[in-house]
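What follows is run-v3.txt (compact mmCIF, C-alpha atoms and all ligand atoms).
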```
# COMPACT_ATOMS: atom_id res chain seq x y z
CA MET Y 1 9.31 29.91 191.50
CA THR Y 2 11.66 32.81 190.77
CA THR Y 3 13.60 33.06 187.52
CA ASP Y 4 15.80 35.86 188.87
CA VAL Y 5 19.41 34.78 188.31
CA ASN Y 6 20.46 37.05 191.20
CA SER Y 7 18.57 34.82 193.61
CA PRO Y 8 19.95 31.52 194.93
CA ARG Y 9 16.36 30.22 194.94
CA LYS Y 10 16.32 30.12 191.14
CA TRP Y 11 19.45 27.93 191.14
CA ASP Y 12 18.28 25.79 194.06
CA ALA Y 13 15.14 25.01 192.07
CA ASP Y 14 17.25 23.97 189.06
CA TYR Y 15 19.25 21.56 191.21
CA GLU Y 16 16.09 20.24 192.89
CA HIS Y 17 14.20 19.75 189.61
CA LYS Y 18 17.25 18.41 187.77
CA THR Y 19 17.07 21.25 185.23
CA ASP Y 20 20.82 21.52 185.69
CA GLY Y 21 21.93 20.52 182.22
CA TRP Y 22 25.13 22.57 182.56
CA ASP Y 23 26.62 19.97 184.90
CA LEU Y 24 29.18 17.80 183.08
CA GLY Y 25 29.22 15.21 185.88
CA GLY Y 26 32.99 15.47 186.23
CA PRO Y 27 35.90 17.84 185.69
CA THR Y 28 36.02 19.90 182.50
CA PRO Y 29 38.42 18.18 180.06
CA VAL Y 30 40.40 21.29 179.15
CA PHE Y 31 41.10 21.98 182.85
CA LYS Y 32 42.40 18.40 183.23
CA ARG Y 33 44.81 19.09 180.35
CA LEU Y 34 45.82 22.44 181.86
CA ILE Y 35 46.63 20.71 185.15
CA SER Y 36 48.62 17.92 183.53
CA SER Y 37 50.59 20.43 181.41
CA ARG Y 38 52.04 21.74 184.69
CA GLN Y 39 51.86 25.23 183.20
CA LEU Y 40 50.26 26.40 186.45
CA ILE Y 41 52.20 26.11 189.69
CA PRO Y 42 49.84 25.02 192.49
CA GLY Y 43 48.73 27.97 194.62
CA ARG Y 44 45.65 29.46 196.21
CA MET Y 45 42.61 29.35 193.90
CA ILE Y 46 39.02 30.54 194.14
CA VAL Y 47 36.41 28.86 191.93
CA LEU Y 48 33.42 31.17 191.37
CA CYS Y 49 29.91 29.67 191.06
CA ALA Y 50 31.43 26.25 191.66
CA GLY Y 51 28.19 24.28 191.33
CA ARG Y 52 28.79 20.65 192.35
CA GLY Y 53 32.52 21.45 192.50
CA HIS Y 54 33.88 19.02 189.91
CA ASP Y 55 36.52 21.47 188.66
CA ALA Y 56 37.34 22.75 192.14
CA ARG Y 57 37.98 19.19 193.36
CA GLU Y 58 40.16 18.42 190.34
CA PHE Y 59 42.46 21.36 191.11
CA ALA Y 60 42.43 20.52 194.83
CA ARG Y 61 43.39 16.92 194.03
CA HIS Y 62 46.45 18.27 192.23
CA GLY Y 63 47.76 20.39 195.07
CA PHE Y 64 45.92 23.69 194.61
CA GLN Y 65 44.56 25.25 197.79
CA VAL Y 66 40.98 25.74 196.64
CA THR Y 67 38.05 27.79 197.89
CA ALA Y 68 34.86 26.81 196.05
CA VAL Y 69 32.05 29.38 196.24
CA ASP Y 70 28.39 29.08 195.33
CA PHE Y 71 25.30 30.75 196.82
CA SER Y 72 22.94 27.84 196.15
CA SER Y 73 22.39 25.69 199.23
CA GLN Y 74 21.70 22.73 196.92
CA ALA Y 75 25.04 23.18 195.14
CA VAL Y 76 26.84 23.50 198.46
CA GLN Y 77 25.15 20.36 199.82
CA GLU Y 78 26.28 18.54 196.70
CA MET Y 79 29.86 19.75 197.17
CA HIS Y 80 29.81 18.37 200.71
CA ARG Y 81 28.31 15.08 199.51
CA LEU Y 82 30.98 14.68 196.82
CA ALA Y 83 33.87 15.82 199.02
CA SER Y 84 36.87 13.56 199.10
CA PRO Y 85 39.88 13.57 201.44
CA GLU Y 86 42.33 13.56 198.49
CA ALA Y 87 40.67 16.72 197.16
CA SER Y 88 40.23 18.68 200.33
CA MET Y 89 39.00 22.24 199.77
CA GLU Y 90 37.15 25.07 201.45
CA ILE Y 91 33.43 25.09 200.52
CA LEU Y 92 31.69 28.41 200.94
CA GLN Y 93 28.01 29.25 200.53
CA HIS Y 94 28.20 32.91 199.56
CA ASP Y 95 27.13 35.41 196.93
CA ILE Y 96 30.28 36.05 194.87
CA PHE Y 97 29.42 39.77 194.73
CA ALA Y 98 29.51 40.01 198.51
CA LEU Y 99 32.70 38.08 199.26
CA PRO Y 100 34.46 39.49 202.32
CA ASP Y 101 37.27 42.03 202.09
CA ALA Y 102 39.52 39.43 203.72
CA PHE Y 103 39.60 37.80 200.26
CA ASN Y 104 41.00 40.90 198.60
CA HIS Y 105 44.29 40.17 196.77
CA ALA Y 106 44.34 36.72 198.43
CA PHE Y 107 44.36 34.36 195.42
CA ASP Y 108 46.97 33.26 192.91
CA TYR Y 109 44.17 32.04 190.63
CA VAL Y 110 40.53 32.87 189.98
CA LEU Y 111 38.67 30.29 187.87
CA GLN Y 112 35.31 30.57 186.21
CA TYR Y 113 33.31 28.31 183.93
CA THR Y 114 29.58 28.92 183.32
CA CYS Y 115 29.60 31.57 186.03
CA PHE Y 116 30.02 34.71 183.92
CA CYS Y 117 27.19 33.55 181.62
CA ALA Y 118 24.96 32.77 184.63
CA ILE Y 119 25.06 36.18 186.30
CA ASP Y 120 22.88 39.11 185.30
CA PRO Y 121 24.60 40.61 182.21
CA LYS Y 122 24.13 44.08 183.75
CA ARG Y 123 26.61 43.02 186.45
CA ARG Y 124 29.53 42.18 184.16
CA ALA Y 125 31.62 45.25 185.03
CA GLU Y 126 30.99 44.52 188.72
CA TYR Y 127 32.14 40.94 188.07
CA ALA Y 128 35.39 42.15 186.44
CA GLU Y 129 36.01 44.38 189.48
CA LEU Y 130 35.45 41.36 191.72
CA VAL Y 131 38.04 39.24 189.86
CA THR Y 132 40.49 42.17 190.04
CA ARG Y 133 40.07 42.54 193.78
CA LEU Y 134 40.34 38.79 194.51
CA LEU Y 135 43.61 38.25 192.64
CA LYS Y 136 47.05 38.95 194.00
CA PRO Y 137 49.26 41.15 191.81
CA SER Y 138 50.46 38.96 188.90
CA GLY Y 139 47.69 36.45 189.71
CA ILE Y 140 46.09 34.48 186.89
CA TYR Y 141 42.46 34.56 185.79
CA ILE Y 142 41.44 31.25 184.19
CA ASP Y 143 38.39 32.11 182.17
CA LEU Y 144 36.61 29.43 180.13
CA VAL Y 145 34.15 31.58 178.24
CA PHE Y 146 30.80 30.15 177.07
CA PRO Y 147 28.53 30.62 175.09
CA LEU Y 148 30.14 32.47 172.18
CA ASP Y 149 27.20 31.84 169.87
CA GLY Y 150 25.31 35.13 170.12
CA ARG Y 151 22.18 33.44 171.47
CA LYS Y 152 19.26 35.53 172.70
CA GLY Y 153 18.13 35.36 176.31
CA GLY Y 154 19.57 33.18 179.04
CA PRO Y 155 20.97 31.92 181.26
CA PRO Y 156 23.36 31.09 179.83
CA PHE Y 157 23.65 34.65 178.51
CA ALA Y 158 25.77 35.10 175.37
CA VAL Y 159 29.33 36.32 175.75
CA SER Y 160 31.73 37.69 173.14
CA ALA Y 161 35.51 37.42 173.09
CA SER Y 162 35.84 41.17 172.46
CA GLU Y 163 33.74 41.94 175.54
CA ILE Y 164 35.99 39.74 177.70
CA LEU Y 165 39.15 41.31 176.29
CA ASP Y 166 37.75 44.82 176.83
CA LEU Y 167 36.64 44.12 180.41
CA PHE Y 168 39.96 42.71 181.57
CA GLN Y 169 42.47 44.64 179.47
CA ALA Y 170 40.80 47.86 180.66
CA ARG Y 171 41.71 46.73 184.19
CA GLY Y 172 45.36 46.17 183.33
CA PHE Y 173 45.20 42.41 182.71
CA LYS Y 174 47.59 40.97 180.14
CA LEU Y 175 46.35 38.21 177.86
CA ILE Y 176 48.67 35.21 178.24
CA SER Y 177 46.88 32.76 175.96
CA ARG Y 178 43.59 32.00 174.29
CA GLU Y 179 42.40 28.83 172.59
CA LYS Y 180 39.25 27.08 171.45
CA PRO Y 181 39.66 23.76 173.25
CA ALA Y 182 39.60 20.68 171.04
CA GLU Y 183 38.19 18.64 173.91
CA SER Y 184 35.08 20.75 174.58
CA VAL Y 185 31.98 18.58 174.99
CA SER Y 186 30.16 18.38 171.68
CA PRO Y 187 27.26 20.80 172.24
CA ARG Y 188 29.79 23.43 173.38
CA ARG Y 189 32.50 22.81 170.75
CA HIS Y 190 33.30 26.04 168.83
CA ALA Y 191 31.11 27.94 171.34
CA GLU Y 192 33.70 28.31 174.07
CA GLU Y 193 37.21 29.66 174.44
CA LEU Y 194 39.77 29.44 177.21
CA PHE Y 195 41.46 32.72 178.12
CA LEU Y 196 44.32 33.03 180.59
CA PHE Y 197 44.92 36.57 181.81
CA GLN Y 198 47.54 37.88 184.19
CA LYS Y 199 46.75 40.72 186.53
CA SER Y 200 49.29 43.53 186.46
CA SER Y 201 51.92 43.78 189.17
CA PRO Y 202 52.60 47.09 190.89
CA GLY Y 203 55.55 49.12 189.63
C1 LIG Y 301 25.23 27.33 185.30
S1 LIG Y 301 25.63 26.89 186.93
C2 LIG Y 301 27.35 26.41 186.75
C3 LIG Y 301 27.93 25.65 187.90
C4 LIG Y 301 29.35 25.14 187.69
N1 LIG Y 301 30.25 26.22 187.34
C5 LIG Y 301 29.38 24.07 186.64
O1 LIG Y 301 29.98 24.28 185.57
O2 LIG Y 301 28.80 23.01 186.88
C6 LIG Y 301 25.76 28.49 187.70
C7 LIG Y 301 26.06 28.40 189.17
O3 LIG Y 301 26.33 29.73 189.60
C8 LIG Y 301 25.79 29.91 190.88
N2 LIG Y 301 25.64 31.37 191.04
C9 LIG Y 301 24.96 32.22 190.22
N3 LIG Y 301 25.08 33.49 190.67
C10 LIG Y 301 25.84 33.44 191.80
C11 LIG Y 301 26.30 34.42 192.72
N4 LIG Y 301 25.98 35.71 192.58
N5 LIG Y 301 27.06 34.02 193.76
C12 LIG Y 301 27.38 32.70 193.92
N6 LIG Y 301 26.97 31.72 193.07
C13 LIG Y 301 26.21 32.09 192.02
C14 LIG Y 301 24.50 29.11 190.84
O4 LIG Y 301 24.04 28.78 192.12
C15 LIG Y 301 24.91 27.88 190.03
O5 LIG Y 301 25.38 26.85 190.86
```
This structure in structure tokens:
Amino acid sequence: MTTDVNSPRKWDADYEHKTDGWDLGGPTPVFKRLISSRQLIPGRMIVLCAGRGHDAREFARHGFQVTAVDFSSQAVQEMHRLASPEASMEILQHDIFALPDAFNHAFDYVLQYTCFCAIDPKRRAEYAELVTRLLKPSGIYIDLVFPLDGRKGGPPFAVSASEILDLFQARGFKLISREKPAESVSPRRHAEELFLFQKSSPG
């Protein structure tokens, strides 16, 4: 069995063997609040490393036009199994780093949760380039960052707030808001932070 996080086989094995403790079994509470606050106008959204798609379906159910991407065939099967007509969305089995050019500047929103910490840490600049190319000008990056606890090893690989700010501000993103969500599930409380960034607009 491979442990290479760049390989879908590693993640397939986690789903098969139920070593998928990251799965909350439903939408992430802070995203539910974000949706009900109506701060975000429904638009086209891509959810990276969507897993079983709980968050993707929640946004789709509230009028967002969602593309949910994961390269694990097990995750994608689960998204199809859990699909519901009131939360219709596009489900794509694809490596996020090889998404087609047709997706360039196509999305109003990019959303990640437990994706950035799952990829090979050496690929973080490549990941920031990916988010930049997917978003339309003025598009919003919804980034729920975990784990902020400086742990060794991974996945999940540790993340720091300063690293996130550096990666995205260096690419012209403006920080709109940041907060440590009160409703984080208990093992993750104080170890995650929600950042909303806006991509720059030309001119
Ligand atoms: C820790 S899980 C999180 C899943 C989901 N975000 C959640 O919170 O339940 C990481 C997911 O990222 C997917 N993944 C990792 N690297 C990927 C890549 N390069 N392209 C697409 N999916 C990837 C894995 O297959 C796995 O489903």
Contact table segment 77-147 of chain Y vs segment 157-166 of chain Y, cut-off 9 Å, shortest pair per residue, all atoms listed in the file, as a tab-separated table:
```
residue	atom	partner	partner_atom	distance
Y:Phe116	CA	Y:Val159	CA	8.4
Y:Cys117	CA	Y:Phe157	CA	4.8
Y:Ala118	CA	Y:Phe157	CA	6.5
Y:Ile119	CA	Y:Phe157	CA	8.1
Y:Asp120	CA	Y:Phe157	CA	8.2
Y:Pro121	CA	Y:Phe157	CA	7.1
Y:Val145	CA	Y:Val159	CA	7.2
Y:Phe146	CA	Y:Val159	CA	6.5
Y:Pro147	CA	Y:Ala158	CA	5.3
```
Kindly export the residues of the current selection with C-alpha atoms, as an mmCIF file, in the coordinates of the input.
```
data_model
loop_
_atom_site.group_PDB
_atom_site.id
_atom_site.type_symbol
_atom_site.label_atom_id
_atom_site.label_comp_id
_atom_site.auth_asym_id
_atom_site.auth_seq_id
_atom_site.Cartn_x
_atom_site.Cartn_y
_atom_site.Cartn_z
ATOM 1 C CA PHE Y 116 30.020 34.710 183.920
ATOM 2 C CA CYS Y 117 27.190 33.550 181.620
ATOM 3 C CA ALA Y 118 24.960 32.770 184.630
ATOM 4 C CA ILE Y 119 25.060 36.180 186.300
ATOM 5 C CA ASP Y 120 22.880 39.110 185.300
ATOM 6 C CA PRO Y 121 24.600 40.610 182.210
ATOM 7 C CA VAL Y 145 34.150 31.580 178.240
ATOM 8 C CA PHE Y 146 30.800 30.150 177.070
ATOM 9 C CA PRO Y 147 28.530 30.620 175.090
#
```
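Proximity to Ser184 of chain Y at 10 Å, evaluated using all atoms listed in the file and with sequence-adjacent residues fewer than 6 positions away removed, yields Thr28, Pro29, Val30, His190, Ala191, Glu192 and Glu193 of chain Y.
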Preceding selection exported with C-alpha atoms as a PDB file, in the coordinates of the input:
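Wrote selection_27.pdb, looks like this:
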```pdb
ATOM      1  CA  THR Y  28      36.020  19.900 182.500  1.00  0.00           C
ATOM      2  CA  PRO Y  29      38.420  18.180 180.060  1.00  0.00           C
ATOM      3  CA  VAL Y  30      40.400  21.290 179.150  1.00  0.00           C
ATOM      4  CA  HIS Y 190      33.300  26.040 168.830  1.00  0.00           C
ATOM      5  CA  ALA Y 191      31.110  27.940 171.340  1.00  0.00           C
ATOM      6  CA  GLU Y 192      33.700  28.310 174.070  1.00  0.00           C
ATOM      7  CA  GLU Y 193      37.210  29.660 174.440  1.00  0.00           C
TER       8      GLU Y 193
END
```
All residues 12 Å or closer to Leu34 of chain Y, only C-alpha atoms, same chain fewer than 3 positions away omitted, as a list in words: Pro27, Thr28, Pro29, Val30, Phe31, Ser37, Arg38, Gln39, Leu40, Ile41, Pro42, Asp55, Glu58, Phe59, His62, Ile142, Leu144, Ser177, Glu179, Pro181, Glu183, Leu194, Phe195 and Leu196 of chain Y
Within 8 Å of ligand LIG 301 (chain Y) (all atoms listed in the file), residues as a ChimeraX atom specification: /Y:5-8,10-12,20,22-25,48-55,69-73,75,93-97,112-115,117-119,155-156
If the box runs along x, y and z of the file and leaves 6 Å on each side of segment 192-197 of chain Y, what are its centre and edge lengths in Å, one decimal, as AutoDock Vina command-line options?
```
--center_x 39.3 --center_y 32.4 --center_z 177.9 --size_x 23.2 --size_y 20.3 --size_z 19.7
```
Find the spatial neighbours of Pro202 of chain Y, counting only C-alpha atoms, within a cut-off of 9 Å - ignore same-chain residues fewer than 2 positions away - and output them as an mmCIF file with C-alpha atoms, in the coordinates of the input.
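Writing done, so here's out.cif:
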```
data_model
loop_
_atom_site.group_PDB
_atom_site.id
_atom_site.type_symbol
_atom_site.label_atom_id
_atom_site.label_comp_id
_atom_site.auth_asym_id
_atom_site.auth_seq_id
_atom_site.Cartn_x
_atom_site.Cartn_y
_atom_site.Cartn_z
ATOM 1 C CA PRO Y 137 49.260 41.150 191.810
ATOM 2 C CA SER Y 138 50.460 38.960 188.900
ATOM 3 C CA SER Y 200 49.290 43.530 186.460
#
```
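Of the residues under consideration (Y:Asn104, Y:Ser201, Y:Thr67, Y:Thr2), Y:Thr2 shows the shortest atom-to-atom contact distance to Asp14 of chain Y when counting all atoms listed in the file.
Restricting the calculation to only C-alpha atoms, the smallest distance between Arg44 of chain Y and any of Y:Ala87, Y:Leu148, Y:Ala182, Y:Ile140 is found for Y:Ile140.
Distance-wise, atom CA of Gly43 of chain Y and atom CA of Phe64 of chain Y end up 5.1 Å apart.
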Separation of atom CA of Val110 of chain Y from atom CA of Lys136 of chain Y in Å: 9.8 Å
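Note that atom CA of Thr132 of chain Y and atom CA of Arg57 of chain Y are 23.4 Å apart.
Nearest residue to Leu130 of chain Y, choosing from Y:Met45, Y:Leu99, Y:Leu175, Y:Ile91 and counting only C-alpha atoms: Y:Leu99.
With distances restricted to all atoms listed in the file, Y:Gly63 is the closest residue to Ser36 of chain Y from Y:Ala83, Y:Ala170, Y:Gly63, Y:Asp4.
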With N, CA and C atoms as the goal, would you fill in the gaps in segment 11-29 of chain Y and present it as a PDB file, in the coordinates of the input?
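Ended up saving to rebuild04.pdb:
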```
ATOM      1  N   TRP Y  11      18.469  28.996 191.397  1.00  0.00           N
ATOM      2  CA  TRP Y  11      19.450  27.930 191.140  1.00  0.00           C
ATOM      3  C   TRP Y  11      19.150  26.706 191.990  1.00  0.00           C
ATOM      4  N   ASP Y  12      18.698  26.932 193.220  1.00  0.00           N
ATOM      5  CA  ASP Y  12      18.280  25.790 194.060  1.00  0.00           C
ATOM      6  C   ASP Y  12      17.212  24.985 193.343  1.00  0.00           C
ATOM      7  N   ALA Y  13      16.246  25.702 192.756  1.00  0.00           N
ATOM      8  CA  ALA Y  13      15.140  25.010 192.070  1.00  0.00           C
ATOM      9  C   ALA Y  13      15.679  24.196 190.900  1.00  0.00           C
ATOM     10  N   ASP Y  14      16.671  24.738 190.180  1.00  0.00           N
ATOM     11  CA  ASP Y  14      17.250  23.970 189.060  1.00  0.00           C
ATOM     12  C   ASP Y  14      17.898  22.679 189.557  1.00  0.00           C
ATOM     13  N   TYR Y  15      18.629  22.789 190.677  1.00  0.00           N
ATOM     14  CA  TYR Y  15      19.250  21.560 191.210  1.00  0.00           C
ATOM     15  C   TYR Y  15      18.166  20.584 191.672  1.00  0.00           C
ATOM     16  N   GLU Y  16      17.149  21.120 192.360  1.00  0.00           N
ATOM     17  CA  GLU Y  16      16.090  20.240 192.890  1.00  0.00           C
ATOM     18  C   GLU Y  16      15.329  19.540 191.761  1.00  0.00           C
ATOM     19  N   HIS Y  17      15.032  20.307 190.699  1.00  0.00           N
ATOM     20  CA  HIS Y  17      14.200  19.750 189.610  1.00  0.00           C
ATOM     21  C   HIS Y  17      15.035  19.118 188.507  1.00  0.00           C
ATOM     22  N   LYS Y  18      16.338  19.037 188.749  1.00  0.00           N
ATOM     23  CA  LYS Y  18      17.250  18.410 187.770  1.00  0.00           C
ATOM     24  C   LYS Y  18      17.234  19.126 186.414  1.00  0.00           C
ATOM     25  N   THR Y  19      16.941  20.442 186.456  1.00  0.00           N
ATOM     26  CA  THR Y  19      17.070  21.250 185.230  1.00  0.00           C
ATOM     27  C   THR Y  19      18.467  21.894 185.258  1.00  0.00           C
ATOM     28  N   ASP Y  20      19.446  21.049 185.514  1.00  0.00           N
ATOM     29  CA  ASP Y  20      20.820  21.520 185.690  1.00  0.00           C
ATOM     30  C   ASP Y  20      21.712  20.921 184.599  1.00  0.00           C
ATOM     31  N   GLY Y  21      21.252  21.105 183.373  1.00  0.00           N
ATOM     32  CA  GLY Y  21      21.930  20.520 182.220  1.00  0.00           C
ATOM     33  C   GLY Y  21      23.346  21.026 181.991  1.00  0.00           C
ATOM     34  N   TRP Y  22      23.766  22.052 182.712  1.00  0.00           N
ATOM     35  CA  TRP Y  22      25.130  22.570 182.560  1.00  0.00           C
ATOM     36  C   TRP Y  22      26.161  21.632 183.195  1.00  0.00           C
ATOM     37  N   ASP Y  23      25.693  20.763 184.093  1.00  0.00           N
ATOM     38  CA  ASP Y  23      26.620  19.970 184.900  1.00  0.00           C
ATOM     39  C   ASP Y  23      27.202  18.839 184.062  1.00  0.00           C
ATOM     40  N   LEU Y  24      28.532  18.812 183.939  1.00  0.00           N
ATOM     41  CA  LEU Y  24      29.180  17.800 183.080  1.00  0.00           C
ATOM     42  C   LEU Y  24      29.366  16.474 183.822  1.00  0.00           C
ATOM     43  N   GLY Y  25      29.091  16.457 185.114  1.00  0.00           N
ATOM     44  CA  GLY Y  25      29.220  15.210 185.880  1.00  0.00           C
ATOM     45  C   GLY Y  25      30.647  14.859 186.243  1.00  0.00           C
ATOM     46  N   GLY Y  26      31.578  15.715 185.909  1.00  0.00           N
ATOM     47  CA  GLY Y  26      32.990  15.470 186.230  1.00  0.00           C
ATOM     48  C   GLY Y  26      33.777  16.689 185.803  1.00  0.00           C
ATOM     49  N   PRO Y  27      35.098  16.663 186.018  1.00  0.00           N
ATOM     50  CA  PRO Y  27      35.900  17.840 185.690  1.00  0.00           C
ATOM     51  C   PRO Y  27      35.891  18.159 184.192  1.00  0.00           C
ATOM     52  N   THR Y  28      36.023  19.432 183.888  1.00  0.00           N
ATOM     53  CA  THR Y  28      36.020  19.900 182.500  1.00  0.00           C
ATOM     54  C   THR Y  28      37.312  19.449 181.824  1.00  0.00           C
ATOM     55  N   PRO Y  29      37.218  18.759 180.680  1.00  0.00           N
ATOM     56  CA  PRO Y  29      38.420  18.180 180.060  1.00  0.00           C
ATOM     57  C   PRO Y  29      39.571  19.168 179.844  1.00  0.00           C
TER      58      PRO Y  29
END
```
